[in-house]
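So this block is work_29.cif, mmCIF, N, CA and C atoms and all ligand atoms:
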data_model
loop_
_atom_site.label_atom_id
_atom_site.label_comp_id
_atom_site.auth_asym_id
_atom_site.auth_seq_id
_atom_site.Cartn_x
_atom_site.Cartn_y
_atom_site.Cartn_z
N ALA A 8 29.05 -91.18 -59.54
CA ALA A 8 27.66 -91.57 -59.27
C ALA A 8 26.95 -91.95 -60.57
N ILE A 9 25.90 -92.73 -60.42
CA ILE A 9 25.10 -93.11 -61.58
C ILE A 9 24.48 -91.86 -62.23
N ASP A 10 24.44 -91.86 -63.54
CA ASP A 10 23.83 -90.76 -64.30
C ASP A 10 22.30 -90.90 -64.21
N PRO A 11 21.60 -89.95 -63.53
CA PRO A 11 20.15 -90.08 -63.41
C PRO A 11 19.41 -89.95 -64.75
N GLN A 12 20.10 -89.44 -65.76
CA GLN A 12 19.51 -89.32 -67.10
C GLN A 12 19.95 -90.47 -68.01
N PHE A 13 20.32 -91.61 -67.37
CA PHE A 13 20.89 -92.70 -68.16
C PHE A 13 19.98 -93.16 -69.29
N ASN A 14 18.66 -93.09 -69.06
CA ASN A 14 17.75 -93.61 -70.10
C ASN A 14 17.71 -92.70 -71.33
N GLU A 15 18.21 -91.45 -71.19
CA GLU A 15 18.35 -90.59 -72.36
C GLU A 15 19.76 -90.67 -72.94
N ASN A 16 20.74 -90.85 -72.06
CA ASN A 16 22.14 -90.79 -72.49
C ASN A 16 22.72 -92.13 -72.91
N ARG A 17 22.00 -93.22 -72.61
CA ARG A 17 22.49 -94.55 -72.98
C ARG A 17 21.46 -95.25 -73.83
N GLU A 18 21.92 -96.33 -74.44
CA GLU A 18 21.02 -97.12 -75.27
C GLU A 18 20.69 -98.43 -74.57
N LYS A 19 19.43 -98.83 -74.64
CA LYS A 19 19.04 -100.13 -74.10
C LYS A 19 19.53 -101.22 -75.06
N VAL A 20 20.38 -102.09 -74.56
CA VAL A 20 21.00 -103.09 -75.44
C VAL A 20 20.48 -104.49 -75.21
N GLY A 21 19.58 -104.67 -74.23
CA GLY A 21 19.04 -106.01 -74.01
C GLY A 21 18.36 -106.11 -72.67
N GLU A 22 18.13 -107.36 -72.24
CA GLU A 22 17.53 -107.62 -70.93
C GLU A 22 18.26 -108.77 -70.27
N GLU A 23 18.30 -108.73 -68.93
CA GLU A 23 18.85 -109.85 -68.18
C GLU A 23 17.97 -110.08 -66.97
N ASN A 24 17.52 -111.31 -66.78
CA ASN A 24 16.63 -111.65 -65.66
C ASN A 24 15.45 -110.70 -65.57
N GLY A 25 14.94 -110.27 -66.72
CA GLY A 25 13.75 -109.44 -66.75
C GLY A 25 13.99 -107.96 -66.57
N VAL A 26 15.25 -107.53 -66.37
CA VAL A 26 15.51 -106.09 -66.25
C VAL A 26 16.32 -105.60 -67.45
N ALA A 27 16.13 -104.32 -67.77
CA ALA A 27 16.81 -103.74 -68.92
C ALA A 27 18.31 -103.65 -68.68
N VAL A 28 19.06 -103.78 -69.76
CA VAL A 28 20.51 -103.55 -69.75
C VAL A 28 20.79 -102.33 -70.62
N TRP A 29 21.41 -101.29 -70.01
CA TRP A 29 21.74 -100.05 -70.71
C TRP A 29 23.24 -100.00 -70.94
N GLY A 30 23.65 -99.94 -72.18
CA GLY A 30 25.05 -100.01 -72.54
C GLY A 30 25.80 -98.72 -72.28
N PRO A 31 27.07 -98.66 -72.69
CA PRO A 31 27.77 -99.73 -73.40
C PRO A 31 28.16 -100.90 -72.50
N VAL A 32 28.18 -102.08 -73.11
CA VAL A 32 28.56 -103.31 -72.43
C VAL A 32 29.71 -103.94 -73.20
N ASP A 33 30.77 -104.30 -72.46
CA ASP A 33 31.90 -105.02 -73.03
C ASP A 33 32.39 -105.97 -71.95
N GLU A 34 31.73 -107.13 -71.88
CA GLU A 34 31.99 -108.07 -70.78
C GLU A 34 33.40 -108.65 -70.88
N PRO A 35 34.04 -108.94 -69.74
CA PRO A 35 33.51 -108.81 -68.39
C PRO A 35 33.83 -107.47 -67.72
N GLU A 36 34.57 -106.58 -68.40
CA GLU A 36 35.05 -105.37 -67.71
C GLU A 36 34.00 -104.27 -67.64
N GLU A 37 33.12 -104.21 -68.63
CA GLU A 37 32.14 -103.12 -68.69
C GLU A 37 30.75 -103.73 -68.79
N LEU A 38 29.89 -103.41 -67.78
CA LEU A 38 28.61 -104.12 -67.69
C LEU A 38 27.40 -103.21 -67.83
N GLY A 39 27.61 -101.89 -67.83
CA GLY A 39 26.49 -100.98 -68.04
C GLY A 39 25.59 -100.86 -66.82
N ILE A 40 24.39 -100.35 -67.06
CA ILE A 40 23.39 -100.12 -66.02
C ILE A 40 22.28 -101.16 -66.17
N ARG A 41 21.80 -101.71 -65.03
CA ARG A 41 20.71 -102.70 -65.05
C ARG A 41 19.49 -102.12 -64.36
N GLY A 42 18.33 -102.29 -65.01
CA GLY A 42 17.08 -101.83 -64.43
C GLY A 42 16.68 -100.46 -64.97
N THR A 43 15.41 -100.10 -64.73
CA THR A 43 14.90 -98.83 -65.24
C THR A 43 14.29 -98.01 -64.11
N HIS A 44 13.22 -98.48 -63.50
CA HIS A 44 12.66 -97.74 -62.36
C HIS A 44 13.66 -97.73 -61.21
N VAL A 45 14.22 -98.87 -60.91
CA VAL A 45 15.36 -98.98 -60.00
C VAL A 45 16.56 -99.37 -60.86
N ALA A 46 17.56 -98.50 -60.93
CA ALA A 46 18.69 -98.74 -61.81
C ALA A 46 19.98 -98.82 -61.01
N VAL A 47 20.81 -99.81 -61.33
CA VAL A 47 22.10 -99.98 -60.66
C VAL A 47 23.20 -99.91 -61.71
N ASP A 48 24.16 -98.99 -61.51
CA ASP A 48 25.31 -98.92 -62.40
C ASP A 48 26.29 -100.03 -62.00
N PHE A 49 26.30 -101.10 -62.77
CA PHE A 49 27.14 -102.25 -62.43
C PHE A 49 28.63 -101.91 -62.50
N ASP A 50 28.98 -100.86 -63.23
CA ASP A 50 30.40 -100.50 -63.30
C ASP A 50 30.85 -99.71 -62.09
N LEU A 51 29.90 -99.23 -61.26
CA LEU A 51 30.21 -98.55 -60.01
C LEU A 51 30.03 -99.47 -58.81
N CYS A 52 29.06 -100.37 -58.85
CA CYS A 52 28.75 -101.25 -57.72
C CYS A 52 30.00 -102.03 -57.30
N LEU A 53 30.31 -101.96 -55.99
CA LEU A 53 31.45 -102.74 -55.49
C LEU A 53 31.00 -103.78 -54.48
N ALA A 54 29.74 -104.20 -54.61
CA ALA A 54 29.20 -105.31 -53.83
C ALA A 54 29.16 -105.02 -52.33
N ASP A 55 28.89 -103.78 -51.97
CA ASP A 55 28.76 -103.42 -50.56
C ASP A 55 27.65 -104.20 -49.88
N GLY A 56 26.52 -104.36 -50.55
CA GLY A 56 25.43 -105.17 -50.01
C GLY A 56 24.40 -104.43 -49.18
N ALA A 57 24.63 -103.15 -48.88
CA ALA A 57 23.68 -102.40 -48.04
C ALA A 57 22.30 -102.35 -48.69
N CYS A 58 22.25 -102.25 -49.99
CA CYS A 58 20.94 -102.19 -50.67
C CYS A 58 20.16 -103.48 -50.46
N LEU A 59 20.84 -104.63 -50.56
CA LEU A 59 20.15 -105.91 -50.33
C LEU A 59 19.65 -106.01 -48.90
N GLU A 60 20.48 -105.56 -47.95
CA GLU A 60 20.11 -105.67 -46.53
C GLU A 60 18.95 -104.75 -46.19
N ASP A 61 18.93 -103.56 -46.76
CA ASP A 61 18.01 -102.53 -46.30
C ASP A 61 16.70 -102.43 -47.08
N CYS A 62 16.67 -102.89 -48.31
CA CYS A 62 15.43 -102.75 -49.09
C CYS A 62 14.30 -103.53 -48.40
N PRO A 63 13.21 -102.83 -48.05
CA PRO A 63 12.12 -103.48 -47.30
C PRO A 63 11.32 -104.48 -48.13
N VAL A 64 11.44 -104.43 -49.44
CA VAL A 64 10.64 -105.33 -50.27
C VAL A 64 11.52 -106.23 -51.16
N ASP A 65 12.80 -106.35 -50.81
CA ASP A 65 13.71 -107.29 -51.48
C ASP A 65 13.75 -107.14 -53.00
N VAL A 66 14.01 -105.92 -53.43
CA VAL A 66 14.12 -105.67 -54.87
C VAL A 66 15.39 -106.29 -55.46
N PHE A 67 16.47 -106.35 -54.65
CA PHE A 67 17.79 -106.70 -55.20
C PHE A 67 18.13 -108.17 -55.00
N GLU A 68 18.86 -108.71 -55.99
CA GLU A 68 19.41 -110.06 -55.88
C GLU A 68 20.85 -110.03 -56.39
N TRP A 69 21.71 -110.83 -55.77
CA TRP A 69 23.10 -110.91 -56.26
C TRP A 69 23.16 -111.63 -57.59
N VAL A 70 23.99 -111.11 -58.47
CA VAL A 70 24.36 -111.85 -59.69
C VAL A 70 25.89 -111.86 -59.76
N ASP A 71 26.43 -112.96 -60.21
CA ASP A 71 27.89 -113.09 -60.31
C ASP A 71 28.42 -112.39 -61.54
N THR A 72 29.52 -111.65 -61.35
CA THR A 72 30.13 -110.92 -62.46
C THR A 72 31.64 -111.13 -62.45
N PRO A 73 32.06 -112.39 -62.65
CA PRO A 73 33.49 -112.68 -62.59
C PRO A 73 34.27 -111.86 -63.61
N GLY A 74 35.41 -111.31 -63.17
CA GLY A 74 36.26 -110.57 -64.08
C GLY A 74 36.00 -109.09 -64.12
N HIS A 75 34.96 -108.62 -63.37
CA HIS A 75 34.74 -107.17 -63.36
C HIS A 75 35.72 -106.52 -62.38
N PRO A 76 36.34 -105.40 -62.78
CA PRO A 76 37.38 -104.80 -61.94
C PRO A 76 36.91 -104.31 -60.57
N GLU A 77 35.65 -103.92 -60.39
CA GLU A 77 35.19 -103.41 -59.10
C GLU A 77 34.77 -104.51 -58.13
N SER A 78 34.09 -105.53 -58.63
CA SER A 78 33.61 -106.60 -57.75
C SER A 78 33.11 -107.75 -58.61
N GLU A 79 33.12 -108.95 -58.00
CA GLU A 79 32.75 -110.15 -58.74
C GLU A 79 31.29 -110.55 -58.52
N ARG A 80 30.53 -109.66 -57.88
CA ARG A 80 29.09 -109.82 -57.87
C ARG A 80 28.46 -108.43 -57.77
N LYS A 81 27.20 -108.34 -58.21
CA LYS A 81 26.50 -107.06 -58.29
C LYS A 81 25.08 -107.23 -57.78
N ALA A 82 24.50 -106.11 -57.33
CA ALA A 82 23.11 -106.12 -56.87
C ALA A 82 22.20 -105.79 -58.05
N GLU A 83 21.49 -106.79 -58.52
CA GLU A 83 20.59 -106.57 -59.65
C GLU A 83 19.18 -106.26 -59.14
N PRO A 84 18.54 -105.21 -59.69
CA PRO A 84 17.19 -104.85 -59.23
C PRO A 84 16.13 -105.74 -59.88
N THR A 85 16.28 -107.04 -59.65
CA THR A 85 15.46 -108.05 -60.33
C THR A 85 13.97 -107.85 -60.07
N ASN A 86 13.66 -107.40 -58.85
CA ASN A 86 12.24 -107.25 -58.49
C ASN A 86 11.85 -105.78 -58.43
N GLU A 87 12.31 -105.00 -59.41
CA GLU A 87 12.09 -103.54 -59.37
C GLU A 87 10.61 -103.17 -59.38
N ALA A 88 9.76 -104.05 -59.90
CA ALA A 88 8.32 -103.75 -59.93
C ALA A 88 7.73 -103.65 -58.52
N GLN A 89 8.42 -104.23 -57.52
CA GLN A 89 7.91 -104.19 -56.14
C GLN A 89 8.32 -102.93 -55.40
N CYS A 90 9.17 -102.10 -55.99
CA CYS A 90 9.74 -100.93 -55.31
C CYS A 90 8.64 -100.00 -54.81
N ILE A 91 8.80 -99.52 -53.56
CA ILE A 91 7.83 -98.60 -52.95
C ILE A 91 8.41 -97.19 -52.83
N ASP A 92 9.53 -96.93 -53.53
CA ASP A 92 10.12 -95.58 -53.62
C ASP A 92 10.51 -95.01 -52.26
N CYS A 93 10.99 -95.86 -51.37
CA CYS A 93 11.39 -95.36 -50.04
C CYS A 93 12.73 -94.65 -50.08
N MET A 94 13.52 -94.90 -51.11
CA MET A 94 14.83 -94.27 -51.35
C MET A 94 15.94 -94.71 -50.40
N LEU A 95 15.68 -95.73 -49.58
CA LEU A 95 16.72 -96.21 -48.67
C LEU A 95 17.97 -96.66 -49.41
N CYS A 96 17.77 -97.41 -50.49
CA CYS A 96 18.93 -97.95 -51.22
C CYS A 96 19.79 -96.83 -51.77
N VAL A 97 19.15 -95.78 -52.26
CA VAL A 97 19.88 -94.64 -52.81
C VAL A 97 20.73 -94.01 -51.71
N ASP A 98 20.17 -93.92 -50.50
CA ASP A 98 20.87 -93.29 -49.39
C ASP A 98 22.03 -94.13 -48.87
N VAL A 99 21.89 -95.45 -48.89
CA VAL A 99 22.91 -96.28 -48.23
C VAL A 99 24.04 -96.72 -49.15
N CYS A 100 23.86 -96.68 -50.44
CA CYS A 100 24.94 -97.15 -51.33
C CYS A 100 26.16 -96.22 -51.21
N PRO A 101 27.32 -96.78 -50.83
CA PRO A 101 28.49 -95.94 -50.58
C PRO A 101 29.07 -95.30 -51.84
N VAL A 102 28.74 -95.82 -52.99
CA VAL A 102 29.30 -95.27 -54.24
C VAL A 102 28.23 -94.66 -55.14
N ASP A 103 27.03 -94.44 -54.59
CA ASP A 103 25.94 -93.82 -55.35
C ASP A 103 25.71 -94.50 -56.69
N ALA A 104 25.63 -95.83 -56.63
CA ALA A 104 25.45 -96.61 -57.85
C ALA A 104 23.98 -96.78 -58.23
N ILE A 105 23.05 -96.34 -57.35
CA ILE A 105 21.63 -96.63 -57.56
C ILE A 105 20.84 -95.36 -57.83
N ASP A 106 19.94 -95.44 -58.82
CA ASP A 106 19.00 -94.36 -59.10
C ASP A 106 17.59 -94.93 -59.03
N VAL A 107 16.71 -94.27 -58.28
CA VAL A 107 15.30 -94.66 -58.26
C VAL A 107 14.50 -93.49 -58.81
N ASP A 108 13.74 -93.77 -59.85
CA ASP A 108 12.94 -92.73 -60.49
C ASP A 108 11.58 -92.67 -59.82
N ALA A 109 11.52 -91.90 -58.71
CA ALA A 109 10.31 -91.83 -57.92
C ALA A 109 9.35 -90.77 -58.47
N GLY A 110 9.78 -90.03 -59.49
CA GLY A 110 8.94 -88.99 -60.05
C GLY A 110 7.69 -89.58 -60.65
FE1 LIG A 201 13.89 -100.98 -52.23
FE2 LIG A 201 13.23 -98.55 -51.33
FE3 LIG A 201 15.27 -98.86 -53.02
FE4 LIG A 201 12.77 -99.20 -53.89
S1 LIG A 201 13.65 -97.27 -53.14
S2 LIG A 201 14.52 -100.52 -54.33
S3 LIG A 201 11.81 -100.12 -52.09
S4 LIG A 201 15.16 -99.65 -50.92
FE1 LIG A 202 26.36 -102.31 -54.97
FE2 LIG A 202 25.77 -100.08 -53.73
FE3 LIG A 202 24.25 -102.17 -53.43
S1 LIG A 202 27.81 -100.91 -53.99
S2 LIG A 202 25.63 -103.89 -53.61
S3 LIG A 202 24.59 -101.07 -55.32
S4 LIG A 202 24.79 -100.73 -51.83
#

Would you mind giving the structure from this file in structure tokens?
Ligand code: SF4
Ligand code: F3S
Amino acid sequence: AIDPQFNENREKVGEENGVAVWGPVDEPEELGIRGTHVAVDFDLCLADGACLEDCPVDVFEWVDTPGHPESERKAEPTNEAQCIDCMLCVDVCPVDAIDVDAG
């Protein structure tokens, strides 16, 4: 599962499409965590898609990640500012790749 303390245990190494990238990153095999309020561990995400289908405010968008061992696309929390903290995405992700900091 995603480390809920990722913002303390990892370093922010950049931004992509307006969301933070938390390392380590070694493309294409290791992609780190994307997002802060809504965070997706790209190294766990296997492109199930439940988060995209279920999020009531369309926080997630697909991004292509060719060459990643788990899946060749990932759910990026591009619109994390719209999140209403319903926690649906956290509940439906089969690999617990998503953390929402509702505190
Ligand atoms: Fe969307 Fe709810 Fe997840 Fe926020 S907590 S990203 S609103 S499904
Ligand atoms: Fe990925 Fe989980 Fe969404 S596997 S596509 S973050 S439901």

Can you list, as a PyMOL selection string, every residue of chain A that DSSP puts in alpha helix (DSSP H)?
chain A and resi 13-16+57-61+95-99

To one decimal in Å, tell me the separation between CA of Pro73 in chain A and atom N of Pro35 in chain A.
8.1 Å

Can I get the residues close to ligand LIG 202 (chain A) as a list in words, where close means within 7 Å and we count all atoms listed in the file?
Val47, Asp48, Leu51, Cys52, Leu53, Ala54, Asp55, Gly56, Ala57, Cys58, Leu59, Arg80, Lys81, Ala82, Cys96, Val99, Cys100, Pro101, Val102, Asp103, Ala104 and Ile105 of chain A

Within 6.5 Å of ligand LIG 201 (chain A) (only N, CA and C atoms and all ligand atoms), residues as a PyMOL selection string:
chain A and resi 45+58+61-67+87+89-97+107

Which residue of A:Glu18, A:Ala8, A:Gly25, A:Glu68 approaches Asp50 in chain A most closely, using only C-alpha atoms
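The closest residue to Asp50 in chain A is A:Ala8.
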
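Across A:Gly74, A:Gly42, A:Pro84, A:Pro31, the tightest approach to Arg17 in chain A is made by A:Pro31 when counting all atoms listed in the file.
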
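Nearest to Asn86 in chain A of all the residues A:Val26, A:Ile40, A:Asp108, A:Asp33 is A:Val26, counting only N, CA and C atoms.
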
Go ahead and compute the interatomic distance for atom N of Glu83 in chain A and atom C of Val70 in chain A, in Å to one decimal.
6.8 Å

Restricting the calculation to all atoms listed in the file, which member of A:Trp69, A:Glu79, A:Glu37, A:Gly30 is positioned closest to Asn16 in chain A?
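Of the candidates, the smallest distance to Asn16 in chain A is held by A:Gly30.
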
From the list A:Leu38, A:Thr43, A:Thr72, A:Val32, which residue is nearest Asn14 in chain A when using all atoms listed in the file?
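Of the candidates, the smallest distance to Asn14 in chain A is held by A:Thr43.
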
Name the closest residue to Ser78 in chain A among the candidates A:Phe49, A:Val20, A:Arg41, A:Glu34; distances are taken between atoms, counting only N, CA and C atoms.
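Among A:Phe49, A:Val20, A:Arg41, A:Glu34, it is A:Phe49 that comes nearest to Ser78 in chain A.
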
Quick check, in Å to one decimal: how far apart do CA of His75 in chain A and CA of Glu36 in chain A lie?
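Between CA of His75 in chain A and CA of Glu36 in chain A the gap works out to 4.7 Å.
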
Some atoms are absent from range 8-20 of chain A, so rebuild N, CA, C and O atoms and return them as an mmCIF file, in the coordinates of the input.
data_model
loop_
_atom_site.group_PDB
_atom_site.id
_atom_site.type_symbol
_atom_site.label_atom_id
_atom_site.label_comp_id
_atom_site.auth_asym_id
_atom_site.auth_seq_id
_atom_site.Cartn_x
_atom_site.Cartn_y
_atom_site.Cartn_z
ATOM 1 N N ALA A 8 29.050 -91.180 -59.540
ATOM 2 C CA ALA A 8 27.660 -91.570 -59.270
ATOM 3 C C ALA A 8 26.950 -91.950 -60.570
ATOM 4 O O ALA A 8 27.348 -91.514 -61.655
ATOM 5 N N ILE A 9 25.900 -92.730 -60.420
ATOM 6 C CA ILE A 9 25.100 -93.110 -61.580
ATOM 7 C C ILE A 9 24.480 -91.860 -62.230
ATOM 8 O O ILE A 9 24.098 -90.918 -61.536
ATOM 9 N N ASP A 10 24.440 -91.860 -63.540
ATOM 10 C CA ASP A 10 23.830 -90.760 -64.300
ATOM 11 C C ASP A 10 22.300 -90.900 -64.210
ATOM 12 O O ASP A 10 21.723 -91.848 -64.745
ATOM 13 N N PRO A 11 21.600 -89.950 -63.530
ATOM 14 C CA PRO A 11 20.150 -90.080 -63.410
ATOM 15 C C PRO A 11 19.410 -89.950 -64.750
ATOM 16 O O PRO A 11 18.252 -90.333 -64.847
ATOM 17 N N GLN A 12 20.100 -89.440 -65.760
ATOM 18 C CA GLN A 12 19.510 -89.320 -67.100
ATOM 19 C C GLN A 12 19.950 -90.470 -68.010
ATOM 20 O O GLN A 12 19.940 -90.335 -69.231
ATOM 21 N N PHE A 13 20.320 -91.610 -67.370
ATOM 22 C CA PHE A 13 20.890 -92.700 -68.160
ATOM 23 C C PHE A 13 19.980 -93.160 -69.290
ATOM 24 O O PHE A 13 20.445 -93.573 -70.343
ATOM 25 N N ASN A 14 18.660 -93.090 -69.060
ATOM 26 C CA ASN A 14 17.750 -93.610 -70.100
ATOM 27 C C ASN A 14 17.710 -92.700 -71.330
ATOM 28 O O ASN A 14 17.238 -93.112 -72.382
ATOM 29 N N GLU A 15 18.210 -91.450 -71.190
ATOM 30 C CA GLU A 15 18.350 -90.590 -72.360
ATOM 31 C C GLU A 15 19.760 -90.670 -72.940
ATOM 32 O O GLU A 15 19.947 -90.543 -74.141
ATOM 33 N N ASN A 16 20.740 -90.850 -72.060
ATOM 34 C CA ASN A 16 22.140 -90.790 -72.490
ATOM 35 C C ASN A 16 22.720 -92.130 -72.910
ATOM 36 O O ASN A 16 23.812 -92.183 -73.467
ATOM 37 N N ARG A 17 22.000 -93.220 -72.610
ATOM 38 C CA ARG A 17 22.490 -94.550 -72.980
ATOM 39 C C ARG A 17 21.460 -95.250 -73.830
ATOM 40 O O ARG A 17 20.308 -94.866 -73.877
ATOM 41 N N GLU A 18 21.920 -96.330 -74.440
ATOM 42 C CA GLU A 18 21.020 -97.120 -75.270
ATOM 43 C C GLU A 18 20.690 -98.430 -74.570
ATOM 44 O O GLU A 18 21.578 -99.075 -74.001
ATOM 45 N N LYS A 19 19.430 -98.830 -74.640
ATOM 46 C CA LYS A 19 19.040 -100.130 -74.100
ATOM 47 C C LYS A 19 19.530 -101.220 -75.060
ATOM 48 O O LYS A 19 19.177 -101.210 -76.237
ATOM 49 N N VAL A 20 20.380 -102.090 -74.560
ATOM 50 C CA VAL A 20 21.000 -103.090 -75.440
ATOM 51 C C VAL A 20 20.480 -104.490 -75.210
ATOM 52 O O VAL A 20 20.887 -105.421 -75.911
#
